[in-house]
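**Q** Got a file for you: coords.txt, compact mmCIF, C-alpha atoms.
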# COMPACT_ATOMS: atom_id res chain seq x y z
CA MET A 1 107.97 12.89 13.00
CA ASP A 2 111.48 11.88 14.07
CA GLY A 3 113.27 13.54 11.15
CA ARG A 4 114.65 10.33 9.77
CA GLY A 5 111.82 9.62 7.34
CA GLY A 6 112.95 12.65 5.45
CA VAL A 7 112.17 14.31 2.14
CA TRP A 8 112.14 12.17 -1.01
CA ALA A 9 111.80 12.80 -4.72
CA VAL A 10 110.89 10.86 -7.84
CA ARG A 11 111.14 11.95 -11.46
CA LEU A 12 108.46 11.53 -14.08
CA GLU A 13 110.43 9.87 -16.87
CA GLY A 14 107.71 9.29 -19.44
CA GLY A 15 105.20 6.59 -20.09
CA THR A 16 101.59 7.07 -21.13
CA PRO A 17 98.66 8.82 -19.44
CA GLU A 18 97.40 5.39 -18.49
CA GLU A 19 100.73 4.18 -17.12
CA LEU A 20 103.26 6.81 -16.07
CA ALA A 21 106.92 5.89 -15.63
CA PHE A 22 108.73 7.15 -12.54
CA SER A 23 112.34 6.99 -11.43
CA ARG A 24 113.60 5.23 -8.35
CA PRO A 25 112.91 7.34 -5.20
CA VAL A 26 115.91 9.41 -4.07
CA LYS A 27 116.25 10.88 -0.59
CA ILE A 28 116.84 14.63 -0.55
CA ALA A 29 117.34 15.21 3.18
CA ASN A 30 116.33 14.36 6.72
CA GLY A 31 113.43 16.27 8.23
CA VAL A 32 110.77 18.07 6.23
CA MET A 33 110.52 20.57 3.37
CA MET A 34 107.49 22.88 3.38
CA ASN A 35 108.40 25.29 0.57
CA LYS A 36 109.76 25.28 -2.96
CA PRO A 37 113.49 25.24 -3.81
CA THR A 38 115.33 28.22 -5.25
CA VAL A 39 117.57 28.06 -8.32
CA LEU A 40 120.70 30.16 -7.79
CA ALA A 41 122.42 32.19 -10.50
CA ASN A 42 125.13 29.51 -10.78
CA GLY A 43 122.49 26.88 -11.58
CA GLU A 44 122.50 25.14 -8.21
CA TRP A 45 119.20 24.09 -6.65
CA LEU A 46 118.82 25.17 -3.01
CA PHE A 47 116.20 23.22 -1.02
CA PRO A 48 114.80 24.63 2.28
CA THR A 49 114.88 21.49 4.45
CA ALA A 50 114.70 21.36 8.24
CA VAL A 51 114.77 19.06 11.23
CA TRP A 52 112.45 21.00 13.52
CA ALA A 53 114.13 22.28 16.67
CA CYS A 54 110.72 22.82 18.28
CA TRP A 55 109.65 19.21 17.74
CA HIS A 56 110.37 17.38 20.98
CA VAL A 57 111.62 13.99 19.86
CA LYS A 58 114.80 12.13 20.65
CA ALA A 59 117.08 12.62 17.69
CA GLU A 60 120.53 13.05 19.17
CA ASP A 61 122.10 11.74 15.98
CA LEU A 62 120.43 14.61 14.07
CA ALA A 63 121.46 17.36 16.49
CA GLY A 64 123.74 18.88 13.85
CA GLU A 65 120.81 19.17 11.46
CA ARG A 66 118.30 20.94 13.71
CA PHE A 67 118.49 24.17 11.73
CA SER A 68 116.82 25.93 8.82
CA ASN A 69 118.91 23.95 6.39
CA ALA A 70 120.14 24.49 2.86
CA THR A 71 120.30 21.22 0.95
CA VAL A 72 121.87 21.60 -2.49
CA SER A 73 121.85 19.80 -5.80
CA THR A 74 124.63 20.74 -8.22
CA ASP A 75 123.59 18.24 -10.89
CA ALA A 76 119.94 19.12 -11.58
CA GLY A 77 118.50 16.77 -9.00
CA GLU A 78 120.67 13.70 -9.53
CA SER A 79 122.16 13.98 -6.02
CA PHE A 80 121.66 16.08 -2.89
CA THR A 81 123.98 17.31 -0.14
CA LEU A 82 123.34 19.11 3.14
CA ARG A 83 125.39 22.28 2.71
CA GLY A 84 124.67 24.27 5.88
CA GLY A 85 121.97 25.65 8.13
CA ALA A 86 120.81 28.95 9.62
CA ASP A 87 120.30 29.12 13.38
CA VAL A 88 117.45 31.61 13.85
CA PRO A 89 116.29 32.14 17.46
CA ASP A 90 112.81 30.97 18.47
CA ARG A 91 111.97 29.49 15.10
CA CYS A 92 108.86 27.35 14.96
CA PHE A 93 108.41 24.73 12.21
CA ASP A 94 110.94 26.74 10.14
CA GLU A 95 108.99 26.84 6.83
CA HIS A 96 111.88 28.91 5.51
CA LEU A 97 112.45 30.33 2.05
CA PHE A 98 115.58 31.45 0.20
CA VAL A 99 116.03 34.53 -1.95
CA GLU A 100 119.25 35.23 -3.87
CA LEU A 101 119.99 38.94 -3.58
CA SER A 102 121.59 41.12 -6.24
CA ASP A 103 124.88 41.23 -4.30
CA GLY A 104 125.13 37.42 -4.42
CA ARG A 105 124.08 36.75 -0.83
CA VAL A 106 121.33 34.28 -0.03
CA TRP A 107 118.62 35.65 2.24
CA CYS A 108 116.93 33.05 4.44
CA LEU A 109 113.58 34.01 5.98
CA VAL A 110 112.19 31.74 8.70
CA ARG A 111 108.88 31.43 10.55
CA THR A 112 109.40 32.36 14.21
CA LEU A 113 107.43 32.97 17.39
CA TYR A 114 107.89 36.73 16.91
CA GLY A 115 107.03 36.80 13.19
CA ILE A 116 109.77 36.20 10.64
CA GLY A 117 113.46 35.79 11.40
CA GLN A 118 116.35 36.12 8.97
CA SER A 119 119.91 35.04 8.27
CA PHE A 120 122.30 35.67 5.36
CA SER A 121 124.86 33.54 3.55
CA SER A 122 127.69 34.87 1.39
CA ASP A 123 128.83 31.42 0.22
CA GLN A 124 125.70 29.86 -1.31
CA GLY A 125 124.40 28.41 1.96
CA ARG A 126 127.55 26.98 3.54
CA THR A 127 127.75 29.41 6.45
CA TRP A 128 125.16 31.80 7.85
CA THR A 129 125.07 35.00 9.88
CA PRO A 130 123.57 34.83 13.38
CA GLY A 131 119.79 34.73 13.12
CA GLU A 132 117.80 37.84 13.99
CA ASP A 133 114.36 39.41 13.68
CA SER A 134 113.69 40.53 10.10
CA GLY A 135 111.24 43.22 11.20
CA LEU A 136 108.60 41.89 8.80
CA GLY A 137 106.18 40.89 11.56
CA GLY A 138 103.51 38.23 11.34
CA PRO A 139 101.52 35.88 13.58
CA ASN A 140 103.89 32.89 13.72
CA SER A 141 102.62 31.51 10.44
CA ARG A 142 103.86 30.56 7.01
CA PHE A 143 104.51 33.36 4.49
CA PHE A 144 105.62 33.52 0.85
CA ILE A 145 108.43 35.44 -0.86
CA ARG A 146 109.74 35.16 -4.40
CA ARG A 147 111.74 37.06 -7.01
CA LEU A 148 109.54 38.26 -9.87
CA ALA A 149 110.55 38.51 -13.52
CA SER A 150 110.69 42.30 -13.17
CA GLY A 151 113.40 41.98 -10.52
CA ARG A 152 111.12 43.05 -7.71
CA LEU A 153 110.51 40.88 -4.67
CA LEU A 154 106.97 39.77 -3.85
CA LEU A 155 106.04 39.14 -0.21
CA VAL A 156 102.73 37.67 0.92
CA ASN A 157 102.32 38.00 4.68
CA HIS A 158 99.80 38.87 7.38
CA VAL A 159 99.87 42.65 7.76
CA ASP A 160 97.57 43.06 10.78
CA VAL A 161 100.46 42.17 13.09
CA THR A 162 103.42 44.54 12.89
CA ALA A 163 106.91 43.52 13.88
CA MET A 164 106.63 45.52 17.11
CA GLU A 165 103.26 43.98 18.00
CA ALA A 166 104.53 40.50 17.19
CA GLY A 167 107.55 40.98 19.44
CA GLN A 168 105.45 42.37 22.28
CA ALA A 169 102.97 39.50 22.08
CA TRP A 170 105.76 36.94 21.96
CA ARG A 171 107.50 38.42 25.00
CA ALA A 172 104.13 38.33 26.81
CA GLY A 173 103.94 34.61 26.15
CA LYS A 174 101.40 34.74 23.32
CA SER A 175 103.11 32.69 20.63
CA TRP A 176 99.93 31.96 18.63
CA ARG A 177 97.92 34.86 17.24
CA ARG A 178 95.09 35.12 14.76
CA ARG A 179 95.90 34.79 11.09
CA SER A 180 94.10 37.48 9.15
CA HIS A 181 94.70 40.28 6.62
CA LEU A 182 96.77 38.32 4.14
CA ALA A 183 98.35 40.83 1.76
CA ALA A 184 100.82 41.12 -1.12
CA LEU A 185 103.66 43.68 -1.08
CA LEU A 186 106.54 44.53 -3.43
CA SER A 187 110.13 45.60 -2.89
CA GLU A 188 112.40 47.38 -5.37
CA ASP A 189 115.43 47.51 -3.05
CA GLU A 190 116.04 43.84 -2.17
CA GLY A 191 113.65 43.81 0.78
CA ALA A 192 114.91 46.94 2.54
CA THR A 193 111.52 48.63 2.08
CA TRP A 194 108.13 47.53 0.77
CA ILE A 195 105.73 49.38 -1.53
CA GLY A 196 102.11 48.86 -2.48
CA LEU A 197 99.73 46.66 -0.56
CA LEU A 198 97.04 44.49 -2.09
CA LEU A 199 94.82 42.98 0.60
CA LEU A 200 94.04 39.45 -0.57
CA ASP A 201 91.77 38.37 2.29
CA GLU A 202 91.01 40.18 5.55
CA ARG A 203 89.14 37.35 7.30
CA ASP A 204 90.33 35.45 10.33
CA GLY A 205 91.76 32.02 9.61
CA VAL A 206 93.50 32.70 6.29
CA SER A 207 96.96 31.18 6.06
CA TYR A 208 99.70 29.27 4.24
CA PRO A 209 100.10 31.21 0.99
CA ASP A 210 102.09 29.84 -1.92
CA GLY A 211 102.49 31.28 -5.38
CA VAL A 212 103.86 31.33 -8.88
CA GLN A 213 104.27 33.90 -11.67
CA ALA A 214 103.26 33.02 -15.22
CA GLU A 215 105.25 34.03 -18.29
CA ASP A 216 102.79 36.87 -18.97
CA GLY A 217 103.53 38.37 -15.55
CA ARG A 218 100.33 37.27 -13.86
CA ILE A 219 100.79 36.18 -10.25
CA SER A 220 98.75 33.37 -8.69
CA ILE A 221 98.55 32.96 -4.91
CA ILE A 222 96.77 30.01 -3.31
CA TYR A 223 95.97 29.80 0.41
CA ASP A 224 93.56 28.22 2.89
CA HIS A 225 90.73 29.59 5.02
CA ASP A 226 89.03 28.19 8.12
CA ARG A 227 91.06 25.02 8.02
CA ALA A 228 89.15 23.23 10.78
CA GLY A 229 85.73 24.53 9.72
CA ALA A 230 84.82 25.16 6.09
CA GLY A 231 88.23 23.91 4.97
CA GLU A 232 88.46 26.22 1.97
CA ILE A 233 91.24 26.55 -0.59
CA LEU A 234 91.17 29.92 -2.36
CA LEU A 235 92.98 31.55 -5.27
CA ALA A 236 93.98 35.15 -5.95
CA CYS A 237 95.35 36.24 -9.35
CA PHE A 238 96.79 39.69 -9.95
CA ARG A 239 99.66 41.67 -11.45
CA GLU A 240 102.29 43.97 -10.00
CA GLU A 241 100.25 47.04 -10.98
CA ASP A 242 97.42 45.78 -8.78
CA VAL A 243 99.74 45.59 -5.77
CA LEU A 244 101.04 49.10 -6.45
CA ALA A 245 97.49 50.44 -6.84
CA GLY A 246 96.24 48.65 -3.75
CA ALA A 247 93.28 47.30 -5.73
CA CYS A 248 92.50 45.03 -8.67
CA VAL A 249 92.94 47.39 -11.64
CA SER A 250 94.10 44.89 -14.26
CA PRO A 251 91.23 43.30 -16.23
CA ASP A 252 92.13 39.70 -15.39
CA ALA A 253 92.69 40.16 -11.65
CA PHE A 254 90.47 38.56 -9.03
CA LEU A 255 90.56 37.73 -5.31
CA ARG A 256 89.08 35.08 -3.00
CA ARG A 257 88.04 32.65 -5.72
CA LEU A 258 87.00 29.33 -4.21
CA VAL A 259 88.97 26.36 -5.51
CA ASN A 260 87.81 23.67 -3.10
CA ARG A 261 85.83 23.22 0.10
CA THR A 262 86.56 20.13 2.17
CA GLY A 263 84.25 20.73 5.11
CA GLY A 264 87.17 20.94 7.52
CA VAL A 265 89.11 18.45 9.58
CA ARG A 266 87.00 15.51 10.66
CA SER A 267 87.70 13.23 13.61
CA PRO A 268 88.16 9.57 12.65
CA ARG A 269 85.28 7.31 13.62
Once more with this new file: its structure as structure tokens, please.
**A**
Amino acid sequence: MDGRGGVWAVRLEGGTPEELAFSRPVKIANGVMMNKPTVLANGEWLFPTAVWACWHVKAEDLAGERFSNATVSTDAGESFTLRGGADVPDRCFDEHLFVELSDGRVWCLVRTLYGIGQSFSSDQGRTWTPGEDSGLGGPNSRFFIRRLASGRLLLVNHVDVTAMEAGQAWRAGKSWRRRSHLAALLSEDEGATWIGLLLLDERDGVSYPDGVQAEDGRISIIYDHDRAGAGEILLACFREEDVLAGACVSPDAFLRRLVNRTGGVRSPR
């Protein structure tokens, strides 16, 4: 991955189920994009793109893009522009996400060797504060955060590794730690504190959560387990009251439902 292949998009423009019609491919940015975009209050689309700083390839011409970048579309996906990038220390594969806060700032959270780093922008992603530890902890793995319809923030992260433990392990040279105890938490104060805790899966080898909230308020989180072994994809569905209760109390909530089992990563013959 040299960063130049980049992130591309096509639009589904119609057609029939037998023969779909797609638009011409349009390049969004250099690098990669591992998470969903965020729509700002002003209607702009903010895409979390990155040219990985930890990926050791020769890309001198992309040196100015080796950040947790904010690529923007101001015309509903017709065109894309690199607006700015957050420089968070010791980031690893970035996998960053944006949250627009109630005061208008954009909060950028980034995967790092010590857990999750953060940076803030007061101008819709053009400039960013110096990166720092968010204090959220984690085992150097992807996480998920999103604004819910209620106004609360939802965070899905590994809770077995506190921010202090993550920092201590990182300083001791242990940049890769087990991924277990994937849990959902809520915040009512823009991420300053977190309430409730619904443990989605306590097993080792659970990782890479992603999610969506339906119009009826139900939250769906998908993640993987034992990637190199069983190769499972699992689904958890719940509501905010389940997170606050710390257990599935709503009648349609469930955890650890198997969606697919691939049998793991196989070596080519």
**Q** Using only C-alpha atoms, I'd like a table of the residues in segment 108-130 of chain A that come within 12 Å of segment 15-37 of chain A; for each, show the closest atom pair and its distance in Å rounded to one decimal, ordered by chain and ascending number, as a tab-separated table.
**A**
residue	atom	partner	partner_atom	distance
A:Cys108	CA	A:Pro37	CA	11.9
A:Leu109	CA	A:Asn35	CA	11.5
A:Val110	CA	A:Asn35	CA	11.0
A:Arg111	CA	A:Met34	CA	11.2
**Q** Point out the residue among A:Ala247, A:Asp94, A:Val156, A:Thr127 with the least atom-to-atom distance to Asn140 of chain A, counting all atoms listed in the file.
**A**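 Smallest distance to Asn140 of chain A is found for A:Asp94.
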**Q** Just how far from atom CA of Asp216 of chain A is atom CA of Val243 of chain A, in Å to one decimal?
**A**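 Taking atom CA of Val243 of chain A and atom CA of Asp216 of chain A, their separation equals 16.1 Å.
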**Q** Pick from A:Phe254, A:Phe93, A:Trp107, A:Trp45: nearest to Ala192 of chain A, with only C-alpha atoms counted?
**A**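 That would be A:Trp107, the residue with the smallest distance to Ala192 of chain A.
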**Q** Counting all atoms listed in the file, which of A:Asp242, A:Glu215, A:Asp123, A:Glu132 gets nearest to Gly104 of chain A?
**A**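 Counting all atoms listed in the file, the residue closest to Gly104 of chain A is A:Asp123.
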**Q** So which one's closest to Ile116 of chain A, A:Leu154, A:Leu101, A:Ala253, A:Val88? Using only C-alpha atoms, please.
**A** A:Val88
**Q** In terms of the shortest atom-to-atom distance over all atoms listed in the file, which of A:Leu148, A:Ile222, A:Ala214, A:Ala76 is closest to Leu186 of chain A?
**A**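 Closest candidate: A:Leu148.
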**Q** Which residues, written as a PDB file with C-alpha atoms, in the coordinates of the input, have at least one atom at most 8 Å from Ser141 of chain A, with all atoms listed in the file counted and residues fewer than 2 positions away on the same chain left out?
**A**
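File written: around-v2.pdb
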ATOM      1  CA  ARG A 111     108.880  31.430  10.550  1.00  0.00           C
ATOM      2  CA  THR A 112     109.400  32.360  14.210  1.00  0.00           C
ATOM      3  CA  GLY A 115     107.030  36.800  13.190  1.00  0.00           C
ATOM      4  CA  GLY A 138     103.510  38.230  11.340  1.00  0.00           C
ATOM      5  CA  PRO A 139     101.520  35.880  13.580  1.00  0.00           C
ATOM      6  CA  PHE A 143     104.510  33.360   4.490  1.00  0.00           C
ATOM      7  CA  ARG A 179      95.900  34.790  11.090  1.00  0.00           C
ATOM      8  CA  SER A 207      96.960  31.180   6.060  1.00  0.00           C
ATOM      9  CA  TYR A 208      99.700  29.270   4.240  1.00  0.00           C
TER      10      TYR A 208
END
**Q** Looking at all atoms listed in the file, which of A:Glu44, A:Asp61, A:Asp224, A:Glu78 is the one that sits closest to Ala9 of chain A?
**A** A:Glu78
**Q** What's the 8 Å shell around Gln124 of chain A, counting only C-alpha atoms, without same-chain residues fewer than 3 positions away, as a PyMOL selection string?
**A** chain A and resi 105-106+121
**Q** Quick one: pull the distance between atom CA of Gly196 of chain A and atom CA of Gly246 of chain A, Å, one decimal.
**A**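 Between atom CA of Gly196 of chain A and atom CA of Gly246 of chain A the gap is 6.0 Å.
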**Q** In Å, how far is it from atom CA of Asn69 of chain A to atom CA of Ser119 of chain A?
**A** 11.3 Å
**Q** Show which residues sit within 9 Å of Asp226 of chain A, as a ChimeraX atom specification. Count all atoms listed in the file, and ignore same-chain residues fewer than 5 positions away.
**A** /A:204-207,231-232,264
**Q** For the residues selected in the previous step, produce a file with C-alpha atoms as a PDB file, keeping the file's coordinate frame.
**A**
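Ended up saving to result-v1.pdb:
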ATOM      1  CA  ASP A 204      90.330  35.450  10.330  1.00  0.00           C
ATOM      2  CA  GLY A 205      91.760  32.020   9.610  1.00  0.00           C
ATOM      3  CA  VAL A 206      93.500  32.700   6.290  1.00  0.00           C
ATOM      4  CA  SER A 207      96.960  31.180   6.060  1.00  0.00           C
ATOM      5  CA  GLY A 231      88.230  23.910   4.970  1.00  0.00           C
ATOM      6  CA  GLU A 232      88.460  26.220   1.970  1.00  0.00           C
ATOM      7  CA  GLY A 264      87.170  20.940   7.520  1.00  0.00           C
TER       8      GLY A 264
END
**Q** May I have the centre and edge lengths, in Å to one decimal, of an axis-aligned box around the listed atoms of segment 19-27 of chain A with 8 Å added to every side, as AutoDock Vina command-line options?
**A**
--center_x 108.5 --center_y 7.5 --center_z -8.9 --size_x 31.5 --size_y 22.7 --size_z 32.5
**Q** Using only C-alpha atoms, what residues lie at most 8 Å away from (118.0, 33.1, 14.5) (file coordinates), given as an MDAnalysis selection string?
**A** chainID A and resid 86:91 117:119 130:133
**Q** Do a neighbour search on Leu235 of chain A at 8 Å with all atoms listed in the file, toss out local chain neighbours closer than 3 positions, and write the hits as a list in words.
**A** Ser220, Ile221, Ile222, Tyr223, Leu255, Arg256, Arg257, Leu258 and Val259 of chain A
**Q** Give me the residues within 10 Å of Gly43 of chain A as a PyMOL selection string, counting only C-alpha atoms and dropping any in the same chain fewer than 3 places off.
**A** chain A and resi 38-40+46+73-76
**Q** Output requested as a PDB file, in the frame of the given file - segment 187-209 of chain A, filled out with N, CA and C atoms.
**A**
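Everything below was put into rebuild.pdb:
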ATOM      1  N   SER A 187     108.921  44.883  -3.259  1.00  0.00           N
ATOM      2  CA  SER A 187     110.130  45.600  -2.890  1.00  0.00           C
ATOM      3  C   SER A 187     110.988  45.823  -4.124  1.00  0.00           C
ATOM      4  N   GLU A 188     111.502  47.037  -4.265  1.00  0.00           N
ATOM      5  CA  GLU A 188     112.400  47.380  -5.370  1.00  0.00           C
ATOM      6  C   GLU A 188     113.835  47.536  -4.898  1.00  0.00           C
ATOM      7  N   ASP A 189     114.088  47.318  -3.603  1.00  0.00           N
ATOM      8  CA  ASP A 189     115.430  47.510  -3.050  1.00  0.00           C
ATOM      9  C   ASP A 189     115.871  46.293  -2.227  1.00  0.00           C
ATOM     10  N   GLU A 190     115.574  45.101  -2.765  1.00  0.00           N
ATOM     11  CA  GLU A 190     116.040  43.840  -2.170  1.00  0.00           C
ATOM     12  C   GLU A 190     115.513  43.623  -0.760  1.00  0.00           C
ATOM     13  N   GLY A 191     114.285  44.065  -0.499  1.00  0.00           N
ATOM     14  CA  GLY A 191     113.650  43.810   0.780  1.00  0.00           C
ATOM     15  C   GLY A 191     113.926  44.821   1.858  1.00  0.00           C
ATOM     16  N   ALA A 192     114.650  45.901   1.535  1.00  0.00           N
ATOM     17  CA  ALA A 192     114.910  46.940   2.540  1.00  0.00           C
ATOM     18  C   ALA A 192     113.633  47.688   2.885  1.00  0.00           C
ATOM     19  N   THR A 193     112.812  47.977   1.878  1.00  0.00           N
ATOM     20  CA  THR A 193     111.520  48.630   2.080  1.00  0.00           C
ATOM     21  C   THR A 193     110.493  47.955   1.178  1.00  0.00           C
ATOM     22  N   TRP A 194     109.222  48.172   1.499  1.00  0.00           N
ATOM     23  CA  TRP A 194     108.130  47.530   0.770  1.00  0.00           C
ATOM     24  C   TRP A 194     107.133  48.579   0.302  1.00  0.00           C
ATOM     25  N   ILE A 195     106.653  48.420  -0.926  1.00  0.00           N
ATOM     26  CA  ILE A 195     105.730  49.380  -1.530  1.00  0.00           C
ATOM     27  C   ILE A 195     104.470  48.662  -1.979  1.00  0.00           C
ATOM     28  N   GLY A 196     103.385  49.447  -2.084  1.00  0.00           N
ATOM     29  CA  GLY A 196     102.110  48.860  -2.480  1.00  0.00           C
ATOM     30  C   GLY A 196     101.593  47.930  -1.408  1.00  0.00           C
ATOM     31  N   LEU A 197     100.313  47.637  -1.472  1.00  0.00           N
ATOM     32  CA  LEU A 197      99.730  46.660  -0.560  1.00  0.00           C
ATOM     33  C   LEU A 197      98.376  46.254  -1.110  1.00  0.00           C
ATOM     34  N   LEU A 198      98.297  45.029  -1.599  1.00  0.00           N
ATOM     35  CA  LEU A 198      97.040  44.490  -2.090  1.00  0.00           C
ATOM     36  C   LEU A 198      96.520  43.496  -1.055  1.00  0.00           C
ATOM     37  N   LEU A 199      95.411  43.847  -0.410  1.00  0.00           N
ATOM     38  CA  LEU A 199      94.820  42.980   0.600  1.00  0.00           C
ATOM     39  C   LEU A 199      94.100  41.833  -0.089  1.00  0.00           C
ATOM     40  N   LEU A 200      94.610  40.624   0.089  1.00  0.00           N
ATOM     41  CA  LEU A 200      94.040  39.450  -0.570  1.00  0.00           C
ATOM     42  C   LEU A 200      92.822  38.917   0.160  1.00  0.00           C
ATOM     43  N   ASP A 201      92.881  38.914   1.494  1.00  0.00           N
ATOM     44  CA  ASP A 201      91.770  38.370   2.290  1.00  0.00           C
ATOM     45  C   ASP A 201      91.929  38.860   3.717  1.00  0.00           C
ATOM     46  N   GLU A 202      90.921  39.575   4.219  1.00  0.00           N
ATOM     47  CA  GLU A 202      91.010  40.180   5.550  1.00  0.00           C
ATOM     48  C   GLU A 202      90.421  39.293   6.647  1.00  0.00           C
ATOM     49  N   ARG A 203      89.838  38.175   6.312  1.00  0.00           N
ATOM     50  CA  ARG A 203      89.140  37.350   7.300  1.00  0.00           C
ATOM     51  C   ARG A 203      90.091  36.637   8.247  1.00  0.00           C
ATOM     52  N   ASP A 204      89.572  36.294   9.415  1.00  0.00           N
ATOM     53  CA  ASP A 204      90.330  35.450  10.330  1.00  0.00           C
ATOM     54  C   ASP A 204      90.477  34.054   9.712  1.00  0.00           C
ATOM     55  N   GLY A 205      91.575  33.398  10.033  1.00  0.00           N
ATOM     56  CA  GLY A 205      91.760  32.020   9.610  1.00  0.00           C
ATOM     57  C   GLY A 205      92.231  31.847   8.184  1.00  0.00           C
ATOM     58  N   VAL A 206      92.892  32.854   7.616  1.00  0.00           N
ATOM     59  CA  VAL A 206      93.500  32.700   6.290  1.00  0.00           C
ATOM     60  C   VAL A 206      94.996  32.480   6.496  1.00  0.00           C
ATOM     61  N   SER A 207      95.568  31.529   5.765  1.00  0.00           N
ATOM     62  CA  SER A 207      96.960  31.180   6.060  1.00  0.00           C
ATOM     63  C   SER A 207      97.580  30.359   4.939  1.00  0.00           C
ATOM     64  N   TYR A 208      98.875  30.146   5.080  1.00  0.00           N
ATOM     65  CA  TYR A 208      99.700  29.270   4.240  1.00  0.00           C
ATOM     66  C   TYR A 208      99.651  29.617   2.752  1.00  0.00           C
ATOM     67  N   PRO A 209     100.064  30.836   2.411  1.00  0.00           N
ATOM     68  CA  PRO A 209     100.100  31.210   0.990  1.00  0.00           C
ATOM     69  C   PRO A 209     101.256  30.542   0.256  1.00  0.00           C
TER      70      PRO A 209
END
